Amino acid sequence: MTHPIRIGVQLQPQHADYAQIRRAVAEAEDAGVDIVFNWDHFFPLYGEPDGKHFECWTMLGAWAEATSRVEIGALVTCNSYRNPELLADMARTVDHISDGRLILGIGAGWFERDYDEYGYEFGTAGSRLADLAQALPRIRDRWARLNPAPTRQIPILIGGGGERKTLRYTAEHAQIWHSFGDVDVLTRKNAVLDGHCADVGRAPAEIERSIGVQKAPGDVADALVAAGATLFTVGVGGPDYDLGLLKEWIAWRDDRG
């Protein structure tokens with residue numbers, strides 16, 4: 001299986017009014033981006049800690065109606081914040097609203113303030129990973145029971161680089177793996193993921209390799225492609241949502257033919 005080069009943008013839902021976010025979504029789709037992501041937090045991750053911020057999944061429902069071509073999703077949903085069966089139903093619903101354009105990005109969670117202020121048990125990294133391991137098959141099982149069923153096999157994107165657990169869960173359940181780090185980290189963890197795929201009897205090429213980028217494609221793209229990445233996502237914060245770097249990546253994709 002050969003994955004095409006794709007470009008994503010993460011429009012971080014912080015420090016902006018929703019009208020500004022909506023305009024950025026439209027601009028990104030018009031520019032030719034393949035995927036528009038948000039993130040799943042309740043407070044800004046940088047800048048003014050009590051600045052403007054919006055919730056992830058209600059926003060994805062709005063994006064499903066406001067867009068017509070791009071795939072949409074969270075980079076990534078925190079597994080701790082919603083019962084797995086509820087999350088499966090939410091994802092199925094947004095899948096239908098969008099006519100089959102949802103990606104379910106999911107991870108174990110890490111931002112302690114979200115947990116503390118919204119009343120979730122923070123636990124430990126190990127306990128949150130154990131919860132994710134339990135949730136993933138429950139989500140897939142619920143999709144099989146829902147009426148109507150999802151419009152397609154909803155792609156699961158797992159974000160994170162834990163070599164013993166997160167990458168194992170990716171091999172077992174995901175269609176996309178999102179890496180955090182540079183080309184050396186991507187290369188090493190790609191090899192670990194390939195090993196887990198071999199252990200579970202899955203072809204490594206089935207899993208699309210994704211990475212966040214904050215440099216121009218001329219600086220990093222060739223090395224990342226050589227390391228196995230095919231999905232490149234630019235993170236952009238509010239309120240201005242400057243898509244200049246994103247458009248450079250889109251032009252690079254298009255120049256490759």
# chains A, B, ... in the order shown; residues from 1 in each chain; ligands from 1

$ select_by_dssp --residues "segment 33-178 of chain A" --states "strand (DSSP E or B)" --output "list in words"
Ile35, Val36, Phe37, Asn38, His53, Glu71, Ile72, Gly73, Ala74, Thr77, Cys78, Leu102, Ile103, Leu104, Gly105, Ile106, Gly107, Ile156, Leu157, Ile158, Gly159, Ile176, Trp177 and His178 of chain A

$ residues_around --residues "Ala19 of chain A" --least-positions-apart "6" --cutoff "12 Å" --atoms "only C-alpha atoms" --output "ChimeraX atom specification"
/A:13,25-26,54,59,62-63,66,238-241

$ atom_distance --atom1 "atom CA of Asn147 of chain A" --atom2 "atom CA of Thr93 of chain A"
10.5 Å

$ residues_around --residues "Glu248 of chain A" --least-positions-apart "3" --cutoff "10 Å" --atoms "only C-alpha atoms" --output "PyMOL selection string"
chain A and resi 215-218+243-245+251-254

$ closest_residue --among "A:Arg138, A:Arg92, A:His178, A:His196" --to "Glu163 of chain A" --atoms "only C-alpha atoms"
A:His196

$ closest_residue --among "A:Glu85, A:Asp95, A:Glu172, A:Asp182" --to "Ile139 of chain A" --atoms "only C-alpha atoms"
A:Glu85

$ closest_residue --among "A:Leu157, A:Phe42, A:Arg23, A:Ile106" --to "Thr67 of chain A" --atoms "only C-alpha atoms"
A:Arg23

$ atom_distance --atom1 "atom CA of Arg145 of chain A" --atom2 "atom CA of His96 of chain A"
15.4 Å

$ select_by_dssp --residues "segment 178-252 of chain A" --states "alpha helix (DSSP H)" --output "PyMOL selection string"
chain A and resi 183-200+217-226+244-252

$ closest_atom_pairs --of "segment 223-248 of chain A" --to "segment 199-211 of chain A" --cutoff "6 Å" --atoms "only C-alpha atoms" --output "CSV"
residue,atom,partner,partner_atom,distance
A:Ala229,CA,A:Arg209,CA,4.8
A:Thr230,CA,A:Arg209,CA,5.9
A:Leu231,CA,A:Ser210,CA,4.4
A:Phe232,CA,A:Ile211,CA,5.3

$ write_last_selection --atoms "all heavy atoms" --output "PDB file, in the first residue's frame"
ATOM      1  N   ALA A 229       7.312   9.453   6.423  1.00  0.00           N
ATOM      2  CA  ALA A 229       6.126  10.289   6.626  1.00  0.00           C
ATOM      3  C   ALA A 229       5.477  10.640   5.296  1.00  0.00           C
ATOM      4  O   ALA A 229       6.163  10.909   4.303  1.00  0.00           O
ATOM      5  CB  ALA A 229       6.495  11.563   7.370  1.00  0.00           C
ATOM      6  N   THR A 230       4.148  10.644   5.290  1.00  0.00           N
ATOM      7  CA  THR A 230       3.399  11.081   4.103  1.00  0.00           C
ATOM      8  C   THR A 230       2.313  12.100   4.437  1.00  0.00           C
ATOM      9  O   THR A 230       1.758  12.713   3.529  1.00  0.00           O
ATOM     10  CB  THR A 230       2.740   9.892   3.379  1.00  0.00           C
ATOM     11  OG1 THR A 230       1.855   9.203   4.282  1.00  0.00           O
ATOM     12  CG2 THR A 230       3.787   8.934   2.850  1.00  0.00           C
ATOM     13  N   LEU A 231       2.006  12.291   5.713  1.00  0.00           N
ATOM     14  CA  LEU A 231       1.018  13.276   6.141  1.00  0.00           C
ATOM     15  C   LEU A 231       1.723  14.307   7.013  1.00  0.00           C
ATOM     16  O   LEU A 231       2.327  13.961   8.038  1.00  0.00           O
ATOM     17  CB  LEU A 231      -0.122  12.609   6.919  1.00  0.00           C
ATOM     18  CG  LEU A 231      -1.149  13.520   7.598  1.00  0.00           C
ATOM     19  CD1 LEU A 231      -1.768  14.508   6.627  1.00  0.00           C
ATOM     20  CD2 LEU A 231      -2.226  12.676   8.284  1.00  0.00           C
ATOM     21  N   PHE A 232       1.647  15.572   6.592  1.00  0.00           N
ATOM     22  CA  PHE A 232       2.367  16.655   7.247  1.00  0.00           C
ATOM     23  C   PHE A 232       1.368  17.705   7.712  1.00  0.00           C
ATOM     24  O   PHE A 232       0.596  18.224   6.898  1.00  0.00           O
ATOM     25  CB  PHE A 232       3.377  17.272   6.275  1.00  0.00           C
ATOM     26  CG  PHE A 232       4.348  16.269   5.712  1.00  0.00           C
ATOM     27  CD1 PHE A 232       4.048  15.597   4.534  1.00  0.00           C
ATOM     28  CD2 PHE A 232       5.524  15.974   6.373  1.00  0.00           C
ATOM     29  CE1 PHE A 232       4.918  14.647   4.020  1.00  0.00           C
ATOM     30  CE2 PHE A 232       6.403  15.031   5.866  1.00  0.00           C
ATOM     31  CZ  PHE A 232       6.104  14.365   4.690  1.00  0.00           C
TER      32      PHE A 232
END

$ atom_distance --atom1 "atom CA of Glu65 of chain A" --atom2 "atom CA of Trp249 of chain A"
25.7 Å

$ closest_residue --among "A:Ile154, A:Cys56, A:Leu86, A:Ala227" --to "Lys189 of chain A" --atoms "only C-alpha atoms"
A:Ala227

$ closest_residue --among "A:Ala135, A:Val213, A:Ala24, A:Ala144" --to "Gly8 of chain A" --atoms "only C-alpha atoms"
A:Val213

$ closest_residue --among "A:Gly195, A:Gly212, A:Gly181, A:Pro84" --to "Thr233 of chain A" --atoms "only C-alpha atoms"
A:Gly212

$ residues_around --residues "Trp110 of chain A" --least-positions-apart "3" --cutoff "9 Å" --atoms "only C-alpha atoms" --output "ChimeraX atom specification"
/A:78,107,114-115,122,125,128

$ residues_around --residues "Arg164 of chain A" --least-positions-apart "5" --cutoff "10 Å" --atoms "only C-alpha atoms" --output "VMD selection string"
chain A and resid 169 192 to 193 196

$ write_last_selection --atoms "N, CA and C atoms" --output "PDB file, in the first residue's frame"
ATOM      1  N   TYR A 169      -0.603  -0.252  20.511  1.00  0.00           N
ATOM      2  CA  TYR A 169      -2.023   0.000  20.251  1.00  0.00           C
ATOM      3  C   TYR A 169      -2.224   0.493  18.814  1.00  0.00           C
ATOM      4  N   VAL A 192      10.150   0.844  15.427  1.00  0.00           N
ATOM      5  CA  VAL A 192       9.463   0.173  16.540  1.00  0.00           C
ATOM      6  C   VAL A 192       8.037  -0.190  16.140  1.00  0.00           C
ATOM      7  N   LEU A 193       7.339   0.739  15.483  1.00  0.00           N
ATOM      8  CA  LEU A 193       5.975   0.457  15.036  1.00  0.00           C
ATOM      9  C   LEU A 193       5.956  -0.699  14.050  1.00  0.00           C
ATOM     10  N   HIS A 196       6.038  -3.873  15.987  1.00  0.00           N
ATOM     11  CA  HIS A 196       4.750  -4.226  16.583  1.00  0.00           C
ATOM     12  C   HIS A 196       3.788  -4.758  15.514  1.00  0.00           C
TER      13      HIS A 196
END

$ decode --residues "segment 8-23 of chain A" --atoms "N, CA and C atoms" --output "mmCIF file, in the first residue's frame"
data_model
loop_
_atom_site.group_PDB
_atom_site.id
_atom_site.type_symbol
_atom_site.label_atom_id
_atom_site.label_comp_id
_atom_site.auth_asym_id
_atom_site.auth_seq_id
_atom_site.Cartn_x
_atom_site.Cartn_y
_atom_site.Cartn_z
ATOM 1 N N GLY A 8 -2.062 18.542 6.239
ATOM 2 C CA GLY A 8 -3.090 18.894 7.209
ATOM 3 C C GLY A 8 -2.759 20.212 7.892
ATOM 4 N N VAL A 9 -3.761 20.763 8.541
ATOM 5 C CA VAL A 9 -3.562 21.929 9.390
ATOM 6 C C VAL A 9 -4.301 21.689 10.698
ATOM 7 N N GLN A 10 -3.660 22.032 11.798
ATOM 8 C CA GLN A 10 -4.329 22.019 13.101
ATOM 9 C C GLN A 10 -4.638 23.469 13.468
ATOM 10 N N LEU A 11 -5.911 23.812 13.408
ATOM 11 C CA LEU A 11 -6.362 25.143 13.813
ATOM 12 C C LEU A 11 -6.668 25.084 15.307
ATOM 13 N N GLN A 12 -5.762 25.592 16.090
ATOM 14 C CA GLN A 12 -5.856 25.467 17.541
ATOM 15 C C GLN A 12 -6.975 26.382 18.045
ATOM 16 N N PRO A 13 -7.975 25.837 18.718
ATOM 17 C CA PRO A 13 -9.179 26.614 19.047
ATOM 18 C C PRO A 13 -9.004 27.476 20.286
ATOM 19 N N GLN A 14 -7.981 28.313 20.258
ATOM 20 C CA GLN A 14 -7.649 29.152 21.411
ATOM 21 C C GLN A 14 -7.371 30.582 20.966
ATOM 22 N N HIS A 15 -7.625 31.523 21.886
ATOM 23 C CA HIS A 15 -7.311 32.943 21.694
ATOM 24 C C HIS A 15 -8.014 33.540 20.479
ATOM 25 N N ALA A 16 -9.197 33.054 20.160
ATOM 26 C CA ALA A 16 -9.909 33.535 18.973
ATOM 27 C C ALA A 16 -11.408 33.441 19.211
ATOM 28 N N ASP A 17 -12.153 34.284 18.516
ATOM 29 C CA ASP A 17 -13.601 34.120 18.441
ATOM 30 C C ASP A 17 -13.912 33.014 17.441
ATOM 31 N N TYR A 18 -15.094 32.399 17.580
ATOM 32 C CA TYR A 18 -15.397 31.302 16.661
ATOM 33 C C TYR A 18 -15.472 31.775 15.212
ATOM 34 N N ALA A 19 -15.928 32.995 14.984
ATOM 35 C CA ALA A 19 -15.990 33.503 13.613
ATOM 36 C C ALA A 19 -14.611 33.495 12.965
ATOM 37 N N GLN A 20 -13.567 33.791 13.741
ATOM 38 C CA GLN A 20 -12.204 33.754 13.195
ATOM 39 C C GLN A 20 -11.785 32.326 12.868
ATOM 40 N N ILE A 21 -12.169 31.386 13.716
ATOM 41 C CA ILE A 21 -11.851 29.980 13.446
ATOM 42 C C ILE A 21 -12.575 29.508 12.192
ATOM 43 N N ARG A 22 -13.841 29.854 12.080
ATOM 44 C CA ARG A 22 -14.620 29.440 10.904
ATOM 45 C C ARG A 22 -14.018 29.993 9.620
ATOM 46 N N ARG A 23 -13.577 31.243 9.641
ATOM 47 C CA ARG A 23 -12.946 31.817 8.447
ATOM 48 C C ARG A 23 -11.644 31.090 8.113
#
